[in-house]
Amino acid sequence: MAPEKKKRRRSDDDGEDSALTFKNRLKPDSIILQTIRSLSASSSSASTSKTLTLADLSLSSTCREVTDLSLDSVQSKIESLILRVAKSILSGDGCSFDVPSRSSANQLYVPELDRIVLKDKNTLRPFANVSTVRKSTITARILQLILQLCIKSIHVTKRDLFYTDVKLFQDQTQSDAVLDDVSCMLGCTRSSLNVIASEKGVVVGRLIFSDNGDMIDCTKMGMGGKAIPPNIDRVGDMQSDALFILLVEKDAAFIRLAEDRFYNRFPCIIVTAKGQPDVATRLFLRKMKMELKLPVLALVDSDPYGLKILSVYGCGSKNMSYDSANLTTPDIKWLGVRPSDLDKYKIPEECRLSMTEQDIKTGKDMLEEDFVKKNPGWVEELSLMVKTKQKAEIQALSTFGFQYLSEVYLPLKLQQQDWI
């Protein structure tokens, strides 16, 4: 028992020594702020250059993108679509929908845009076919419900939509998937359909914006932050004196930084989707980046899923590649926690986790993705992770103290410009 206590005490002492060593490397905040200002200035100048679009490129494959449409335009498109279906039925060709394919084979990563886009392949969804009859019925029902929203000019959540016909939809994932299909068919963004997701993401820090006419000061939102409005059309008049945006993967790290008022020490805006990025948070992050012209630094777990989450914000998700132009935020810097940080910051072995076989497979699969190959730094870090078979959460830094993240780790990262 005594040797075990000594071992534990020695481990605690080593942790304290490591924390003190890194804290002593910190320069005065004024010097660190100068470093951040130079990053902010370079990001602002880069934002003034013309943004490339699909139309500017000569791609070998034809690709499709959706745009924001008014309710009248969406209504008109639905009516035209149903009219075509009705004519098809009357001519004896039956009822069917021509739906853009959202499969992996119909997607393309465009390095010049650094995002995933959807190619132009379509699939037929006939009613008179056993394998597609149910999905064809769900498609018709979703179109009917969207038409009602257009006529009444109201918003509903995806959950509301599901509960209008539970017996038909059976599971919300099915109504959600067809909702994305309908967006593709009509050539409009999902927000143009007036269907929104429940509030999930939160924001705190040096940001003032109007939410449906009400001015919101995000420095006065406590440690819970302000919920990101599910309808981005309600958001406007963004004002900020921040030097950067800090994108955080998890709620626990967000609360720690918010409670420590990290945004006052280093002027920034802190945002999180509490895990997997939702549409509202992705739209809000892009809006901040484009309007405020601020650099975005990401803090995620050191595991394949942390990098996957980062890539969804930056390059888009395959599920919603049709709307990547509106949902992606360009040039996000990976600040931490990176695999190389585990040794660099002397994270104890007991705070690291062994990667599962599934983790390793996910890591290797990501190394084959074009958007990862484009960034040598990402390849190097991901290869190290797969090689060592170790991962760690942001909370592993708490072994050096609960406020180590805000008081030492992040300031030192900013001071050293240690991002990729």
# chains A, B, ... in the order shown; residues from 1 in each chain; ligands from 1
call {"tool": "residues_around", "arguments": {"residues": "Ser38 of chain A", "least_positions_apart": "4", "cutoff": "12 Å", "atoms": "only C-alpha atoms", "output": "ChimeraX atom specification"}}
result
/A:31-34,42-45,243-244,294-295,414-415,417
call {"tool": "residues_around", "arguments": {"residues": "segment 274-279 of chain A", "least_positions_apart": "5", "cutoff": "8 Å", "atoms": "only C-alpha atoms", "output": "MDAnalysis selection string"}}
result
chainID A and resid 197 200:201 249:251 309 312:313 327
call {"tool": "closest_residue", "arguments": {"among": "A:Ser101, A:Ser210, A:Thr219, A:Thr53", "to": "Val235 of chain A", "atoms": "only C-alpha atoms"}}
result
A:Ser210
call {"tool": "atom_distance", "arguments": {"atom1": "atom CA of Leu257 of chain A", "atom2": "atom CA of Tyr404 of chain A"}}
result
10.4 Å
call {"tool": "select_by_dssp", "arguments": {"residues": "segment 127-208 of chain A", "states": "strand (DSSP E)", "output": "ChimeraX atom specification"}}
result
/A:156-157,195-196,202-205,208
call {"tool": "select_by_dssp", "arguments": {"residues": "segment 230-365 of chain A", "states": "helix (DSSP H, G or I)", "output": "ChimeraX atom specification"}}
result
/A:232-234,251-259,262-265,279-292,304-315,321-327,339-344,349-351,357-365
call {"tool": "residues_around", "arguments": {"residues": "Glu393 of chain A", "least_positions_apart": "6", "cutoff": "10 Å", "atoms": "only C-alpha atoms", "output": "list of chain:residue names"}}
result
A:Lys250, A:Val300, A:Asp301, A:Ser302, A:Asp303, A:Gly306, A:Val337, A:Arg338, A:Cys351, A:Arg352, A:Leu353
call {"tool": "closest_residue", "arguments": {"among": "A:Val74, A:Val202, A:Val133, A:Leu59", "to": "Glu112 of chain A", "atoms": "only C-alpha atoms"}}
result
A:Leu59
call {"tool": "closest_residue", "arguments": {"among": "A:Met223, A:Ile154, A:Ile138, A:Ile216", "to": "Val166 of chain A", "atoms": "only C-alpha atoms"}}
result
A:Ile138
call {"tool": "atom_distance", "arguments": {"atom1": "atom CA of Val66 of chain A", "atom2": "atom CA of Tyr109 of chain A"}}
result
16.6 Å
call {"tool": "residues_around", "arguments": {"residues": "Trp419 of chain A", "least_positions_apart": "6", "cutoff": "9 Å", "atoms": "only C-alpha atoms", "output": "number ranges by chain"}}
result
A: 297-298, 333-336, 413
call {"tool": "atom_distance", "arguments": {"atom1": "atom CA of Thr388 of chain A", "atom2": "atom CA of Pro376 of chain A"}}
result
18.3 Å
call {"tool": "residues_around", "arguments": {"residues": "Lys391 of chain A", "least_positions_apart": "2", "cutoff": "12 Å", "atoms": "only C-alpha atoms", "output": "VMD selection string"}}
result
chain A and resid 300 to 307 337 to 343 347 to 356 359 to 360 363 381 to 382 384 to 389 393 to 396
